[in-house]
There are 2 protein chains.
Amino acid sequence: MLNNDLYNPIKSELREVEAFLKRFLLSHEGVIPTAVPRIFNAGGKRLRPALLLLSSRMCDYRGDKNVVLAAMVEMIHTASLIHDDVIDNDTLRRGVPTINATWGNNLSIVLGDYLYTLVFSTLADLGETDMLKYLAATTNKMARGDLVQHQTLLNMDITEERYLSINSDKTASLISCACRIGAMLGKSANGEVDALARYGQNLGMAFQITDDLLDLVAEEKVLGKPPGSDIRSGKLTLPLIHVMREADKKDKEWITTAVRSQKIDKPVFDKILAMATYYHGIEYSLQKAHEYGTACKKELKSLQSSDEHVSLERFVDYVVGRAG
Amino acid sequence: MLNNDLYNPIKSELREVEAFLKRFLLSHEGVIPTAVPRIFNAGGKRLRPALLLLSSRMCDYRGDKNVVLAAMVEMIHTASLIHDDVIDNDTLRRGVPTINATWGNNLSIVLGDYLYTLVFSTLADLGETDMLKYLAATTNKMARGDLVQHQTLLNMDITEERYLSINSDKTASLISCACRIGAMLGKSANGEVDALARYGQNLGMAFQITDDLLDLVAEEKVLGKPPGSDIRSGKLTLPLIHVMREADKKDKEWITTAVRSQKIDKPVFDKILAMATYYHGIEYSLQKAHEYGTACKKELKSLQSSDEHVSLERFVDYVVGRAG
C-alpha cells in the first residue's frame, strides 16, 4: 500500500516515521519490541501520518517535527486498535493474529495504556503544548465514542444521527486532528487550518462508513478477517440502520431476533446481507460515503494546488472507492 | 476514614475535591454518572488528593487550583484501578462489586481510557503544562509498572530489586507526584519540592509493601475481598520472594508447583501463609515497610513544622501500621 503513488510527495518523511516508530519502541523493554512491530508492520495504510505530513507540506512546513507528530498520531491509533481488538474479541487484523490473540487480553490492556501515556509524556517533554492539547481532547473524544458505542450495542432503534455522532468521535476526530496538526505546523492562516481540519473530519466520516460497509459486504481474503464482526457483536451500522427504517414489520422482527440472539451463523448472516441489499441499505451507505467525499473535495477547493493537494484529493477517491 | 483527624488541616478542601469529582462526572453521559460514583464513594482513603493538598498548604499555597489537581490525581488513580480490576479479574473492591463485575470488562476498558484522557484533556485546557508534564510521565511509569508486572507473573525467581522497581513505577510514582505537584503550587524552594517528592516516593513504597502483605495476611472482612488474590494470579510479592530465598529445596519446589498450578484452594493458601510465617517473610516485609517509613520521616525533618507537617508524619504511621 505504501508503494501507491498517492504517497509520492511524502515518501521520504513516511519512511522516517516508520524508522522513528521502530527505534522508539525497540528501545523499550519486555514484550514491546516483539509485540508492537507486529501491528506497525502488518500492512497498515498509515492514513493518519500521511495526512499529517501532506497537510504540513501543503502549508509550506519544512522542519522535521512533522515526523515525530505523525508517529505520535499513529501510536494513538495503534493503542486504540489494541484496546478495540480486546473489546471486539477480534483475533485477526489484516490477516495477522491480533495482540490479544497472541499475548492475551491483559497484556493488551496494559500495552494500550502504555502507548497512550507514552504519547502524552513524549509530547509534554518536547514542549509541544498546543499539539498535546488537541491530541488530548481528541483521544478523549475517541474514548467517548467507544463508550457511547458500547452502550448502544444490541440497540435496534439506534438512529442514523447517533451512529454518525459515534463515528465522528471514535474515528473522524483523530483523522481531522492529524490534518489540523499538519496545517498548524506550517505557515498556514487560520482559514487553511480549519479547511484542512474539516477535510479530515469529512474524510474520517467517509472512512468509517466504508469500513462498516466492508465489514458487511467484503470477502474474508480482502478484509483480512471474517466479515460480519460488527453485527455479531451487536453493533448496528448504517446499512442495517437503514434496513430497520425501511423494512416491513416481519423482516424487522426477524433481524431484531437474529441480532439479539447473538448467534449469527453463515445462513443467518447471508440473509441479513440479502436484506441489506433488498432494502437498499448498501446503496444508502455508499451514497452517504460519497456525500462526505464531496464535502472533502469542496474543502480542498479553497486551497492552493500542489502535489500534496493532488494526493489529498486522490485519498478521497481511495477512501470512498474502497467499498466499490 | 475521611473523618480521621489526620485530614483535619485540609478537611474543607477535601470536601471540595469530592464535590468537584461528582459534579465533573455527573455532567457526562451514559453509564458514567451511575458507574463512577460507585468507585468514588466506596470508602476510598483519598490518600493521593490528601497528600497533594497537605503538601500545597504546607508550602503556603492559598489558591484553589489544588482542588482541581487533587481531583485529577484521584481520577488517574481511579482509572488505573478500573483497568487493574479487569486484569486481576477482581469482583470486589472494599466490599463493593467492581465496575467489571457489574458492567463487564469491555465497559471497564473504555471507561478507564475515558478517564485517563479526560484528565489530560482537562489539564491541557486549563493550561497546566508543568503539571501535565509530570502527570503524563507518571501515568506512563504506572503503565510500565503494570506491563513489567504482567511479564513477571508466574516467575518464581523474581528478585526483590525487580519487585521494588515495579512498585516504584506502579504505585510510588503517583503518590510522589501528588506531593510534588502540591509543593510546586506553593512558594516552595526546589529543596522542599524534592524533599516532599522523596517523602511521597518512600511512602508509596511502604504503602505497596503493606498492601501486598495485607493481601496475604488480612481477613476478608478487613480486606473487603478474599485474601490471596496476588498469589492466585501468579504474582509473587515480598513475603514470598523472601521465602523463595530462604526456604529449603523441598519447600521451594512445593511453592513453585502450587503457584504454577494456578489452583490455590484454602488448604494450599493456608500452607503458603504458614511458610511465609515460618521463613520470616512476613517479618521481613514489615521491616522493609518500616525502613521506608523511616526514610519518609527523615525527609520531613528538613521541613518546617506545621499542622500539615504533623498530618504527613502521622500518615506514615498509618500506612506502615496498617499491616500490624
# chains A, B, ... in the order shown; residues from 1 in each chain; ligands from 1
$ closest_atom_pairs --of "chain B" --to "chain A" --cutoff "9 Å" --atoms "only C-alpha atoms" --output "JSON lines"
{"residue": "B:Glu29", "atom": "CA", "partner": "A:Val148", "partner_atom": "CA", "distance": 8.2}
{"residue": "B:Gly30", "atom": "CA", "partner": "A:Val148", "partner_atom": "CA", "distance": 7.0}
{"residue": "B:Val31", "atom": "CA", "partner": "A:Gln151", "partner_atom": "CA", "distance": 7.8}
{"residue": "B:His83", "atom": "CA", "partner": "A:Ile109", "partner_atom": "CA", "distance": 7.4}
{"residue": "B:Asp84", "atom": "CA", "partner": "A:Val110", "partner_atom": "CA", "distance": 8.9}
{"residue": "B:Val86", "atom": "CA", "partner": "A:Asn106", "partner_atom": "CA", "distance": 7.8}
{"residue": "B:Ile87", "atom": "CA", "partner": "A:Asn106", "partner_atom": "CA", "distance": 5.2}
{"residue": "B:Asp88", "atom": "CA", "partner": "A:Asn106", "partner_atom": "CA", "distance": 8.5}
{"residue": "B:Asn105", "atom": "CA", "partner": "A:Ile87", "partner_atom": "CA", "distance": 8.0}
{"residue": "B:Asn106", "atom": "CA", "partner": "A:Ile87", "partner_atom": "CA", "distance": 5.2}
{"residue": "B:Leu107", "atom": "CA", "partner": "A:His150", "partner_atom": "CA", "distance": 6.8}
{"residue": "B:Ile109", "atom": "CA", "partner": "A:Ile109", "partner_atom": "CA", "distance": 7.3}
{"residue": "B:Val110", "atom": "CA", "partner": "A:Leu147", "partner_atom": "CA", "distance": 5.7}
{"residue": "B:Leu111", "atom": "CA", "partner": "A:Leu147", "partner_atom": "CA", "distance": 6.7}
{"residue": "B:Gly112", "atom": "CA", "partner": "A:Ala143", "partner_atom": "CA", "distance": 8.9}
{"residue": "B:Asp113", "atom": "CA", "partner": "A:Ala143", "partner_atom": "CA", "distance": 6.0}
{"residue": "B:Tyr114", "atom": "CA", "partner": "A:Ala143", "partner_atom": "CA", "distance": 4.9}
{"residue": "B:Leu115", "atom": "CA", "partner": "A:Asn140", "partner_atom": "CA", "distance": 8.1}
{"residue": "B:Tyr116", "atom": "CA", "partner": "A:Asn140", "partner_atom": "CA", "distance": 8.1}
{"residue": "B:Thr117", "atom": "CA", "partner": "A:Asn140", "partner_atom": "CA", "distance": 4.8}
{"residue": "B:Leu118", "atom": "CA", "partner": "A:Asn140", "partner_atom": "CA", "distance": 5.6}
{"residue": "B:Val119", "atom": "CA", "partner": "A:Ala136", "partner_atom": "CA", "distance": 8.7}
{"residue": "B:Phe120", "atom": "CA", "partner": "A:Ala136", "partner_atom": "CA", "distance": 5.7}
{"residue": "B:Ser121", "atom": "CA", "partner": "A:Ala136", "partner_atom": "CA", "distance": 4.6}
{"residue": "B:Thr122", "atom": "CA", "partner": "A:Ala137", "partner_atom": "CA", "distance": 8.1}
{"residue": "B:Leu123", "atom": "CA", "partner": "A:Lys133", "partner_atom": "CA", "distance": 8.6}
{"residue": "B:Ala124", "atom": "CA", "partner": "A:Lys133", "partner_atom": "CA", "distance": 5.0}
{"residue": "B:Asp125", "atom": "CA", "partner": "A:Lys133", "partner_atom": "CA", "distance": 6.7}
{"residue": "B:Gly127", "atom": "CA", "partner": "A:Thr129", "partner_atom": "CA", "distance": 8.5}
{"residue": "B:Thr129", "atom": "CA", "partner": "A:Thr129", "partner_atom": "CA", "distance": 6.9}
{"residue": "B:Asp130", "atom": "CA", "partner": "A:Ala124", "partner_atom": "CA", "distance": 8.4}
{"residue": "B:Leu132", "atom": "CA", "partner": "A:Ala124", "partner_atom": "CA", "distance": 7.3}
{"residue": "B:Lys133", "atom": "CA", "partner": "A:Ala124", "partner_atom": "CA", "distance": 5.0}
{"residue": "B:Tyr134", "atom": "CA", "partner": "A:Ser121", "partner_atom": "CA", "distance": 8.1}
{"residue": "B:Leu135", "atom": "CA", "partner": "A:Ser121", "partner_atom": "CA", "distance": 8.1}
{"residue": "B:Ala136", "atom": "CA", "partner": "A:Ser121", "partner_atom": "CA", "distance": 4.6}
{"residue": "B:Ala137", "atom": "CA", "partner": "A:Ser121", "partner_atom": "CA", "distance": 4.9}
{"residue": "B:Thr138", "atom": "CA", "partner": "A:Ser121", "partner_atom": "CA", "distance": 8.3}
{"residue": "B:Thr139", "atom": "CA", "partner": "A:Thr117", "partner_atom": "CA", "distance": 6.1}
{"residue": "B:Asn140", "atom": "CA", "partner": "A:Thr117", "partner_atom": "CA", "distance": 4.8}
{"residue": "B:Lys141", "atom": "CA", "partner": "A:Tyr114", "partner_atom": "CA", "distance": 8.2}
{"residue": "B:Met142", "atom": "CA", "partner": "A:Tyr114", "partner_atom": "CA", "distance": 8.3}
{"residue": "B:Ala143", "atom": "CA", "partner": "A:Tyr114", "partner_atom": "CA", "distance": 4.9}
{"residue": "B:Arg144", "atom": "CA", "partner": "A:Tyr114", "partner_atom": "CA", "distance": 6.2}
{"residue": "B:Asp146", "atom": "CA", "partner": "A:Val110", "partner_atom": "CA", "distance": 6.4}
{"residue": "B:Leu147", "atom": "CA", "partner": "A:Val110", "partner_atom": "CA", "distance": 5.7}
{"residue": "B:Val148", "atom": "CA", "partner": "A:Gly30", "partner_atom": "CA", "distance": 7.0}
{"residue": "B:His150", "atom": "CA", "partner": "A:Leu107", "partner_atom": "CA", "distance": 6.8}
{"residue": "B:Gln151", "atom": "CA", "partner": "A:Gly30", "partner_atom": "CA", "distance": 7.2}
$ write_last_selection --atoms "N, CA and C atoms" --output "tab-separated table (two decimals), in the first residue's frame"
chain	number	residue	atom	x	y	z
B	29	GLU	N	-22.17	11.53	30.07
B	29	GLU	CA	-23.37	10.80	29.65
B	29	GLU	C	-23.31	9.30	29.95
B	30	GLY	N	-24.41	8.64	29.66
B	30	GLY	CA	-24.48	7.19	29.72
B	30	GLY	C	-24.24	6.64	31.10
B	31	VAL	N	-23.38	5.61	31.15
B	31	VAL	CA	-23.19	4.85	32.37
B	31	VAL	C	-22.33	5.60	33.39
B	83	HIS	N	-8.89	-0.49	35.34
B	83	HIS	CA	-8.18	-1.43	34.46
B	83	HIS	C	-7.56	-2.58	35.26
B	84	ASP	N	-7.00	-2.27	36.44
B	84	ASP	CA	-6.40	-3.33	37.27
B	84	ASP	C	-7.41	-4.41	37.64
B	86	VAL	N	-9.96	-5.38	36.00
B	86	VAL	CA	-10.18	-6.27	34.85
B	86	VAL	C	-9.04	-7.27	34.76
B	87	ILE	N	-7.82	-6.74	34.84
B	87	ILE	CA	-6.64	-7.59	34.66
B	87	ILE	C	-6.56	-8.66	35.75
B	88	ASP	N	-6.84	-8.26	36.99
B	88	ASP	CA	-6.76	-9.22	38.09
B	88	ASP	C	-8.04	-10.02	38.24
B	105	ASN	N	-16.09	-6.41	31.40
B	105	ASN	CA	-14.72	-5.99	31.10
B	105	ASN	C	-14.65	-4.91	30.02
B	106	ASN	N	-15.48	-5.04	29.00
B	106	ASN	CA	-15.38	-4.10	27.88
B	106	ASN	C	-15.69	-2.68	28.31
B	107	LEU	N	-16.77	-2.53	29.08
B	107	LEU	CA	-17.10	-1.20	29.58
B	107	LEU	C	-15.96	-0.67	30.45
B	109	ILE	N	-12.75	-1.28	30.23
B	109	ILE	CA	-11.62	-0.84	29.40
B	109	ILE	C	-11.88	0.55	28.84
B	110	VAL	N	-13.05	0.75	28.24
B	110	VAL	CA	-13.30	2.06	27.63
B	110	VAL	C	-13.49	3.14	28.69
B	111	LEU	N	-14.06	2.78	29.83
B	111	LEU	CA	-14.24	3.77	30.90
B	111	LEU	C	-12.87	4.23	31.44
B	112	GLY	N	-11.95	3.29	31.63
B	112	GLY	CA	-10.60	3.65	32.07
B	112	GLY	C	-9.94	4.59	31.07
B	113	ASP	N	-10.01	4.24	29.79
B	113	ASP	CA	-9.43	5.10	28.75
B	113	ASP	C	-10.06	6.49	28.78
B	114	TYR	N	-11.37	6.49	28.98
B	114	TYR	CA	-12.09	7.76	29.00
B	114	TYR	C	-11.59	8.65	30.16
B	115	LEU	N	-11.41	8.07	31.33
B	115	LEU	CA	-10.98	8.85	32.49
B	115	LEU	C	-9.55	9.35	32.32
B	116	TYR	N	-8.64	8.47	31.86
B	116	TYR	CA	-7.25	8.90	31.62
B	116	TYR	C	-7.21	10.11	30.68
B	117	THR	N	-7.91	9.97	29.54
B	117	THR	CA	-7.82	11.02	28.54
B	117	THR	C	-8.55	12.28	29.00
B	118	LEU	N	-9.58	12.10	29.84
B	118	LEU	CA	-10.28	13.26	30.39
B	118	LEU	C	-9.34	14.10	31.25
B	119	VAL	N	-8.49	13.45	32.01
B	119	VAL	CA	-7.53	14.18	32.85
B	119	VAL	C	-6.57	14.99	31.98
B	120	PHE	N	-6.00	14.36	30.96
B	120	PHE	CA	-5.03	15.08	30.12
B	120	PHE	C	-5.70	16.22	29.38
B	121	SER	N	-6.90	15.94	28.89
B	121	SER	CA	-7.61	16.96	28.15
B	121	SER	C	-7.98	18.14	29.06
B	122	THR	N	-8.39	17.84	30.29
B	122	THR	CA	-8.75	18.91	31.23
B	122	THR	C	-7.53	19.75	31.60
B	123	LEU	N	-6.42	19.09	31.92
B	123	LEU	CA	-5.21	19.83	32.30
B	123	LEU	C	-4.69	20.68	31.14
B	124	ALA	N	-4.78	20.14	29.91
B	124	ALA	CA	-4.33	20.91	28.74
B	124	ALA	C	-5.22	22.14	28.57
B	125	ASP	N	-6.52	21.96	28.75
B	125	ASP	CA	-7.44	23.10	28.63
B	125	ASP	C	-7.16	24.17	29.68
B	127	GLY	N	-4.37	24.87	30.79
B	127	GLY	CA	-3.03	25.44	30.56
B	127	GLY	C	-2.03	25.03	31.63
B	129	THR	N	0.56	23.23	32.05
B	129	THR	CA	1.54	22.47	31.27
B	129	THR	C	2.54	21.72	32.13
B	130	ASP	N	3.05	22.40	33.15
B	130	ASP	CA	4.05	21.74	34.01
B	130	ASP	C	3.46	20.53	34.72
B	132	LEU	N	0.87	18.86	33.85
B	132	LEU	CA	0.55	17.85	32.85
B	132	LEU	C	1.79	17.02	32.52
B	133	LYS	N	2.92	17.72	32.44
B	133	LYS	CA	4.17	17.03	32.11
B	133	LYS	C	4.51	15.97	33.16
B	134	TYR	N	4.41	16.37	34.42
B	134	TYR	CA	4.71	15.40	35.48
B	134	TYR	C	3.69	14.27	35.50
B	135	LEU	N	2.42	14.62	35.33
B	135	LEU	CA	1.39	13.57	35.39
B	135	LEU	C	1.47	12.62	34.20
B	136	ALA	N	1.83	13.15	33.03
B	136	ALA	CA	1.95	12.28	31.85
B	136	ALA	C	3.11	11.31	32.05
B	137	ALA	N	4.24	11.82	32.54
B	137	ALA	CA	5.39	10.93	32.78
B	137	ALA	C	5.01	9.89	33.84
B	138	THR	N	4.24	10.32	34.84
B	138	THR	CA	3.86	9.41	35.92
B	138	THR	C	2.91	8.31	35.43
B	139	THR	N	1.90	8.68	34.65
B	139	THR	CA	0.97	7.65	34.16
B	139	THR	C	1.72	6.68	33.25
B	140	ASN	N	2.71	7.18	32.52
B	140	ASN	CA	3.48	6.27	31.68
B	140	ASN	C	4.31	5.30	32.54
B	141	LYS	N	4.87	5.82	33.64
B	141	LYS	CA	5.57	4.92	34.58
B	141	LYS	C	4.61	3.87	35.14
B	142	MET	N	3.42	4.32	35.52
B	142	MET	CA	2.43	3.39	36.08
B	142	MET	C	2.13	2.26	35.09
B	143	ALA	N	1.93	2.66	33.82
B	143	ALA	CA	1.63	1.66	32.79
B	143	ALA	C	2.83	0.73	32.60
B	144	ARG	N	4.05	1.30	32.66
B	144	ARG	CA	5.25	0.48	32.53
B	144	ARG	C	5.33	-0.53	33.67
B	146	ASP	N	2.83	-1.81	35.33
B	146	ASP	CA	1.84	-2.87	35.08
B	146	ASP	C	2.33	-3.83	34.01
B	147	LEU	N	2.96	-3.26	32.99
B	147	LEU	CA	3.46	-4.06	31.87
B	147	LEU	C	4.54	-5.03	32.34
B	148	VAL	N	5.50	-4.51	33.11
B	148	VAL	CA	6.58	-5.37	33.60
B	148	VAL	C	6.02	-6.40	34.58
B	150	HIS	N	3.07	-7.67	34.60
B	150	HIS	CA	2.37	-8.69	33.83
B	150	HIS	C	3.35	-9.72	33.28
B	151	GLN	N	4.53	-9.24	32.91
B	151	GLN	CA	5.51	-10.15	32.30
B	151	GLN	C	6.30	-10.95	33.32
$ select_by_dssp --residues "region 22-262 of chain A" --states "strand (DSSP E)" --output "PyMOL selection string"
chain A and resi 92-93+96-97
$ closest_residue --among "B:Ser285, B:Thr98, B:Thr171, B:Thr34" --to "Val217 (chain B)" --atoms "only C-alpha atoms"
B:Ser285
$ residues_around --residues "Leu238 (chain B)" --least-positions-apart "5" --cutoff "10 Å" --atoms "only C-alpha atoms" --output "list of chain:residue names"
B:Ile158, B:Thr159, B:Glu160, B:Tyr163, B:Leu164, B:Ile209, B:Thr210, B:Asp212, B:Leu213, B:Val243, B:Met244, B:Ala276, B:Gly281, B:Ile282, B:Tyr284, B:Ser285, B:Leu286, B:Lys288
$ write_last_selection --atoms "N, CA and C atoms" --output "PDB file, in the first residue's frame"
ATOM      1  N   ILE B 158      11.713 -14.045  40.611  1.00  0.00           N
ATOM      2  CA  ILE B 158      11.723 -12.578  40.614  1.00  0.00           C
ATOM      3  C   ILE B 158      12.522 -12.076  41.821  1.00  0.00           C
ATOM      4  N   THR B 159      13.407 -11.113  41.569  1.00  0.00           N
ATOM      5  CA  THR B 159      14.255 -10.604  42.655  1.00  0.00           C
ATOM      6  C   THR B 159      13.531  -9.498  43.428  1.00  0.00           C
ATOM      7  N   GLU B 160      14.016  -9.273  44.643  1.00  0.00           N
ATOM      8  CA  GLU B 160      13.465  -8.169  45.442  1.00  0.00           C
ATOM      9  C   GLU B 160      13.650  -6.841  44.710  1.00  0.00           C
ATOM     10  N   TYR B 163      10.990  -6.498  42.085  1.00  0.00           N
ATOM     11  CA  TYR B 163       9.714  -6.253  42.766  1.00  0.00           C
ATOM     12  C   TYR B 163       9.614  -4.789  43.211  1.00  0.00           C
ATOM     13  N   LEU B 164      10.689  -4.278  43.795  1.00  0.00           N
ATOM     14  CA  LEU B 164      10.672  -2.893  44.279  1.00  0.00           C
ATOM     15  C   LEU B 164      10.577  -1.917  43.110  1.00  0.00           C
ATOM     16  N   ILE B 209       4.070  -2.209  49.820  1.00  0.00           N
ATOM     17  CA  ILE B 209       4.542  -3.383  50.566  1.00  0.00           C
ATOM     18  C   ILE B 209       3.495  -3.826  51.595  1.00  0.00           C
ATOM     19  N   THR B 210       2.898  -2.865  52.312  1.00  0.00           N
ATOM     20  CA  THR B 210       1.884  -3.257  53.296  1.00  0.00           C
ATOM     21  C   THR B 210       0.618  -3.748  52.590  1.00  0.00           C
ATOM     22  N   ASP B 212       0.493  -5.375  49.766  1.00  0.00           N
ATOM     23  CA  ASP B 212       0.775  -6.750  49.339  1.00  0.00           C
ATOM     24  C   ASP B 212       0.757  -7.705  50.541  1.00  0.00           C
ATOM     25  N   LEU B 213       1.257  -7.209  51.666  1.00  0.00           N
ATOM     26  CA  LEU B 213       1.276  -8.030  52.870  1.00  0.00           C
ATOM     27  C   LEU B 213      -0.159  -8.314  53.342  1.00  0.00           C
ATOM     28  N   VAL B 243      10.616 -15.923  51.071  1.00  0.00           N
ATOM     29  CA  VAL B 243      10.517 -17.376  51.278  1.00  0.00           C
ATOM     30  C   VAL B 243      11.327 -18.118  50.213  1.00  0.00           C
ATOM     31  N   MET B 244      11.193 -17.696  48.963  1.00  0.00           N
ATOM     32  CA  MET B 244      11.902 -18.373  47.869  1.00  0.00           C
ATOM     33  C   MET B 244      13.425 -18.242  48.013  1.00  0.00           C
ATOM     34  N   ALA B 276       5.220 -18.509  54.826  1.00  0.00           N
ATOM     35  CA  ALA B 276       5.627 -17.095  54.870  1.00  0.00           C
ATOM     36  C   ALA B 276       5.957 -16.701  56.304  1.00  0.00           C
ATOM     37  N   GLY B 281       9.059 -14.342  56.168  1.00  0.00           N
ATOM     38  CA  GLY B 281       8.734 -13.469  55.033  1.00  0.00           C
ATOM     39  C   GLY B 281       7.858 -12.302  55.460  1.00  0.00           C
ATOM     40  N   ILE B 282       6.941 -12.574  56.399  1.00  0.00           N
ATOM     41  CA  ILE B 282       6.040 -11.516  56.864  1.00  0.00           C
ATOM     42  C   ILE B 282       6.826 -10.488  57.679  1.00  0.00           C
ATOM     43  N   TYR B 284       9.990  -9.900  57.448  1.00  0.00           N
ATOM     44  CA  TYR B 284      10.890  -9.185  56.551  1.00  0.00           C
ATOM     45  C   TYR B 284      10.161  -8.038  55.840  1.00  0.00           C
ATOM     46  N   SER B 285       8.929  -8.324  55.382  1.00  0.00           N
ATOM     47  CA  SER B 285       8.141  -7.297  54.695  1.00  0.00           C
ATOM     48  C   SER B 285       7.821  -6.134  55.627  1.00  0.00           C
ATOM     49  N   LEU B 286       7.426  -6.481  56.860  1.00  0.00           N
ATOM     50  CA  LEU B 286       7.112  -5.435  57.837  1.00  0.00           C
ATOM     51  C   LEU B 286       8.326  -4.551  58.081  1.00  0.00           C
ATOM     52  N   LYS B 288      10.839  -4.009  56.051  1.00  0.00           N
ATOM     53  CA  LYS B 288      11.065  -3.182  54.854  1.00  0.00           C
ATOM     54  C   LYS B 288      10.133  -1.973  54.842  1.00  0.00           C
TER      55      LYS B 288
END
$ select_by_dssp --residues "region 5-185 of chain A" --states "alpha helix (DSSP H)" --output "JSON, numbers by chain"
{"A": [11, 12, 13, 14, 15, 16, 17, 18, 19, 20, 21, 22, 23, 24, 25, 26, 32, 33, 34, 35, 36, 37, 38, 39, 40, 41, 47, 48, 49, 50, 51, 52, 53, 54, 55, 56, 57, 58, 65, 66, 67, 68, 69, 70, 71, 72, 73, 74, 75, 76, 77, 78, 79, 80, 81, 82, 83, 84, 85, 86, 87, 99, 100, 101, 102, 103, 104, 105, 106, 107, 108, 109, 110, 111, 112, 113, 114, 115, 116, 117, 118, 119, 120, 121, 122, 123, 124, 125, 129, 130, 131, 132, 133, 134, 135, 136, 137, 138, 139, 140, 141, 142, 143, 144, 145, 146, 147, 148, 149, 150, 151, 160, 161, 162, 163, 164, 165, 166, 167, 173, 174, 175, 176, 177, 178, 179, 180, 181, 182, 183, 184, 185]}
$ residues_around --residues "region 177-180 of chain B" --least-positions-apart "4" --cutoff "10 Å" --atoms "only C-alpha atoms" --output "ChimeraX atom specification"
/B:47-56,69-70,72-74,131,134-135,137-139,172-173,184-185,192-201
$ write_last_selection --atoms "C-alpha atoms" --output "tab-separated table (two decimals), in the first residue's frame"
chain	number	residue	atom	x	y	z
B	47	LEU	CA	-4.57	9.27	50.07
B	48	ARG	CA	-3.27	10.97	46.91
B	49	PRO	CA	-5.56	14.03	46.99
B	50	ALA	CA	-4.89	14.41	50.72
B	51	LEU	CA	-1.12	14.36	50.19
B	52	LEU	CA	-1.37	16.88	47.38
B	53	LEU	CA	-3.50	19.21	49.50
B	54	LEU	CA	-1.29	18.83	52.58
B	55	SER	CA	1.86	19.48	50.52
B	56	SER	CA	0.37	22.55	48.89
B	69	LEU	CA	-5.30	18.96	40.66
B	70	ALA	CA	-6.14	16.71	43.61
B	72	MET	CA	-7.25	14.86	38.64
B	73	VAL	CA	-4.76	12.75	40.60
B	74	GLU	CA	-7.64	10.78	42.15
B	131	MET	CA	1.61	19.65	36.00
B	134	TYR	CA	4.71	15.40	35.48
B	135	LEU	CA	1.39	13.57	35.39
B	137	ALA	CA	5.39	10.93	32.78
B	138	THR	CA	3.86	9.41	35.92
B	139	THR	CA	0.97	7.65	34.16
B	172	ALA	CA	5.05	5.16	44.42
B	173	SER	CA	5.33	7.30	41.28
B	184	MET	CA	5.10	23.10	43.20
B	185	LEU	CA	1.89	25.07	43.68
B	192	GLU	CA	11.25	21.48	49.54
B	193	VAL	CA	9.70	20.19	46.31
B	194	ASP	CA	12.30	17.44	46.10
B	195	ALA	CA	12.03	16.55	49.80
B	196	LEU	CA	8.24	16.20	49.55
B	197	ALA	CA	8.56	14.20	46.32
B	198	ARG	CA	11.00	11.83	48.06
B	199	TYR	CA	8.66	11.63	51.06
B	200	GLY	CA	5.88	10.56	48.67
B	201	GLN	CA	8.15	8.09	46.90
$ atom_distance --atom1 "CA of Ser176 (chain A)" --atom2 "CA of Glu18 (chain A)"
21.1 Å
$ atom_distance --atom1 "CA of His309 (chain B)" --atom2 "CA of Phe40 (chain B)"
26.6 Å
$ residues_around --residues "Gln262 (chain B)" --least-positions-apart "6" --cutoff "12 Å" --atoms "only C-alpha atoms" --output "list in words"
Leu153, Leu154, Gly228, Ser229, Asp230, Ile231, Arg232, Ser233, Gly234, Lys235, Ile255, Thr256, Val268 and Phe269 of chain B
$ residues_around --residues "Ile99 (chain A)" --least-positions-apart "6" --cutoff "8 Å" --atoms "only C-alpha atoms" --output "list of chain:residue names"
A:Ala35, A:Ile39, A:Ile82, A:Ser108
$ write_last_selection --atoms "N, CA and C atoms" --output "PDB file, in the first residue's frame"
ATOM      1  N   ALA A  35       6.020  -7.284  20.310  1.00  0.00           N
ATOM      2  CA  ALA A  35       4.586  -7.190  20.011  1.00  0.00           C
ATOM      3  C   ALA A  35       4.243  -6.041  19.078  1.00  0.00           C
ATOM      4  N   ILE A  39       2.003  -5.072  14.901  1.00  0.00           N
ATOM      5  CA  ILE A  39       0.916  -4.176  14.491  1.00  0.00           C
ATOM      6  C   ILE A  39       1.447  -3.132  13.509  1.00  0.00           C
ATOM      7  N   ILE A  82      -5.470  -1.705  19.644  1.00  0.00           N
ATOM      8  CA  ILE A  82      -5.155  -2.791  20.584  1.00  0.00           C
ATOM      9  C   ILE A  82      -6.305  -2.977  21.582  1.00  0.00           C
ATOM     10  N   SER A 108      -2.774  -6.823  26.459  1.00  0.00           N
ATOM     11  CA  SER A 108      -3.284  -5.818  25.518  1.00  0.00           C
ATOM     12  C   SER A 108      -3.772  -4.572  26.252  1.00  0.00           C
TER      13      SER A 108
END
